[in-house]
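Visitor: Take this structure first; my questions come after.
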2 protein chains.
Amino acid sequence: MEKTSQSNKVMPYEQVISRARDRVVDALARNIDLYGITLSIGHLYGTLLFQDKPMTLDQMGEALGMSKTSMSTGVRTLLDLNMVNKVWMKGTRKDHYEIEPDWYQNFIDYFSIRWRKGIDDNTQSLRKSLQELICLQNKEDLPEPLREMVEKDIEKIQNALEYYDWVNRLIDTFESHEIFKYVPKNEGAE
Amino acid sequence: MEKTSQSNKVMPYEQVISRARDRVVDALARNIDLYGITLSIGHLYGTLLFQDKPMTLDQMGEALGMSKTSMSTGVRTLLDLNMVNKVWMKGTRKDHYEIEPDWYQNFIDYFSIRWRKGIDDNTQSLRKSLQELICLQNKEDLPEPLREMVEKDIEKIQNALEYYDWVNRLIDTFESHEIFKYVPKNEGAE
DNA sequence: ATTTACGTAAAGTTTAAACTTTACATTGGC
DNA sequence: GCCAATGTAAAGTTTAAACTTTACGTAAAT
């Protein structure tokens with residue numbers, strides 16, 4: 001029986017807790033790339049999650065064994081996604097950060113911030129190209145094979161614009177919380 | 001007036017088309033990281049988008065100036081997300097790939113595949129830790145400060161499980177296309 | 001006003017991801 | 001059966017991302 005497997009040894013209560021936490025934090029960090037966040041920033045997020053008090057950069061650095069600068073940039077990333085909040089604490093000059101506990105809102109914010117931005121960028125390019133192609137379509141002397149290409153491209157672009165419009169409207173229902181009318185929050189959750 | 005700005009020169013029709021396409025492909029590639037896909041694979045996707053015929057690995061490699069192996073792994077990634085389809089063509093041994101044109105389904109598949117997997121992984125870890133903590137909670141001799149920690153952790157975990165259950169149900173409405181009842185597909189799309 | 005502490009920018013280093021080259025296993029054609 | 005062609009694994013290289021160290025601007029405290 002190796003020393004990592006302590007199933008039939010009595011484990012100190014503190015250790016049970018810390019192992020239970022670590023398992024959750026590791027899983028969280030492994031999958032947080034869905035939010036476009038890196039593994040180690042995910043660990044930072046997990047660390048903050050089980051810390052009941054707001055933490056300073058120094059405390060985070062110590063907890064993760066990483067530099068203060070890394071904590072600074074990491075916390076900035078989480079801040080940009082509204083996954084942590086900056087809290088002011090009297091009696092000290094240090095910045096303090098705590099987790100944003102509303103995971104539903106995290107989800108919504110992620111789409112409001114990241115997806116909305118990507119969609120806007122794509123939509124802008126699509127519109128510009130669409131305009132140029134329509135302009136081309138109106139040329140009398142456009143050779144037939146090219147005309148066919150242009151028409152196909154226009155259809156594809158309109159297709160894409162339609163899709164992005166849909167995603168935008170979907171995100172609207174997130175932001176307005178209308179989505180919870182269709183998919184209610186709690187229902188036999190464990 | 002530098003040579004990139006040809007606004008008042010007459011531009012060949014072919015060039016207008018290819019520029020319009022390139023703009024769209026670049027935007028697409030820039031933002032495809034939302035799907036957890038890398039920039040250059042995004043370019044591959046865009047290339048396939050405006051190619052009306054299914055392409056071989058060699059054709060892709062030539063079009064992007066990259067190695068065949070890169071195309072192989074890139075196309076595999078897109079295949080895993082159902083963003084491209086493998087099509088069989090008679091008269092040749094080469095594999096051919098074409099884009100999956102249904103962007104709505106792409107969106108749905110992305111969540112079915114990537115998010116579902118992440119959620120399952122997290123849920124499993126959460127359940128395991130939850131069980132251990134509940135077990136700990138039942139110990140008579142658990143010191144008070146630890147008991148308080150355990151209770152807080154349990155609450156957080158239950159909170160998370162509830163959230164993941166919600167996301168799962170949300171993805172259910174995607175997969176069943178029920179979402180289109182709430183957010184209809186086309187509505188004043190351009 | 002000066003000093004000290006804090007957060008972050010800049011530069012430098014390390015680590016990991018992306019990509020290429022080479023080699024190999026598999027499958028279809030003769 | 002053998003040969004040629006195709007797709008991918010393995011190893012090697014390059015490029016980019018993550019992280020650290022150092023240095024600096026800013027603002028609170030004395």
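All residue names refer to the structure tokens as shown: chains lettered A, B, ... in order, residues numbered from 1 in each chain, ligands numbered from 1 in order.
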Near DT3 in chain C, within 12 Å and counting only C-alpha atoms (C1' of nucleotides), which residues show up once chain neighbours fewer than 6 positions away are dropped, as a count of residues only?
Guide: 4
Visitor: Could you please select, counting only C-alpha atoms (C1' of nucleotides), the residues of chain C within 8 Å of chain A and state them as a ChimeraX atom specification?
Guide: /C:6-8
Visitor: Taking only C-alpha atoms into account and nothing else, which residues of chain B lie no more than 8 Å away from chain A? Please answer as a count of residues only.
Guide: 51
Visitor: What are the closest atom pairs, with distances in Å to one decimal, for all residues of chain D lying within 9 Å of chain B? Consider only C-alpha atoms (C1' of nucleotides), order rows by chain and residue number, and present the result as JSON lines.
Guide:
{"residue": "D:DA5", "atom": "C1'", "partner": "B:Arg93", "partner_atom": "CA", "distance": 8.3}
{"residue": "D:DT6", "atom": "C1'", "partner": "B:Lys94", "partner_atom": "CA", "distance": 6.6}
{"residue": "D:DG7", "atom": "C1'", "partner": "B:Ser72", "partner_atom": "CA", "distance": 7.5}
{"residue": "D:DT8", "atom": "C1'", "partner": "B:Thr69", "partner_atom": "CA", "distance": 7.4}
Visitor: Would you mind reading off the distance between CA of Cys135 in chain A and CA of Met55 in chain B, one decimal, in Å?
Guide: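 So the two atoms, CA of Cys135 in chain A and CA of Met55 in chain B, lie 29.3 Å apart.
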Visitor: As an exercise, work out the distance from CA of Asp109 in chain B to CA of Asn85 in chain B in Å and give it to one decimal place.
Guide: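 For CA of Asp109 in chain B relative to CA of Asn85 in chain B, the distance reads 13.3 Å.
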Visitor: Kindly give the distance, in Å, that separates CA of Tyr110 in chain A and CA of Leu79 in chain A, rounded to a single decimal.
Guide: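 Distance between the two atoms: 11.4 Å.
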Visitor: Where in range 59-171 of chain A does DSSP assign alpha helix (DSSP H), given as a VMD selection string?
Guide: chain A and resid 59 to 64 68 to 80 103 to 110 116 to 137 144 to 171
Visitor: List every residue of range 2-146 of chain A that DSSP, applied to the backbone, labels as strand (DSSP E), and write the result as a list in words.
Guide: Val84, Asn85, Lys86, Val87, His96, Tyr97, Glu98 and Ile99 of chain A
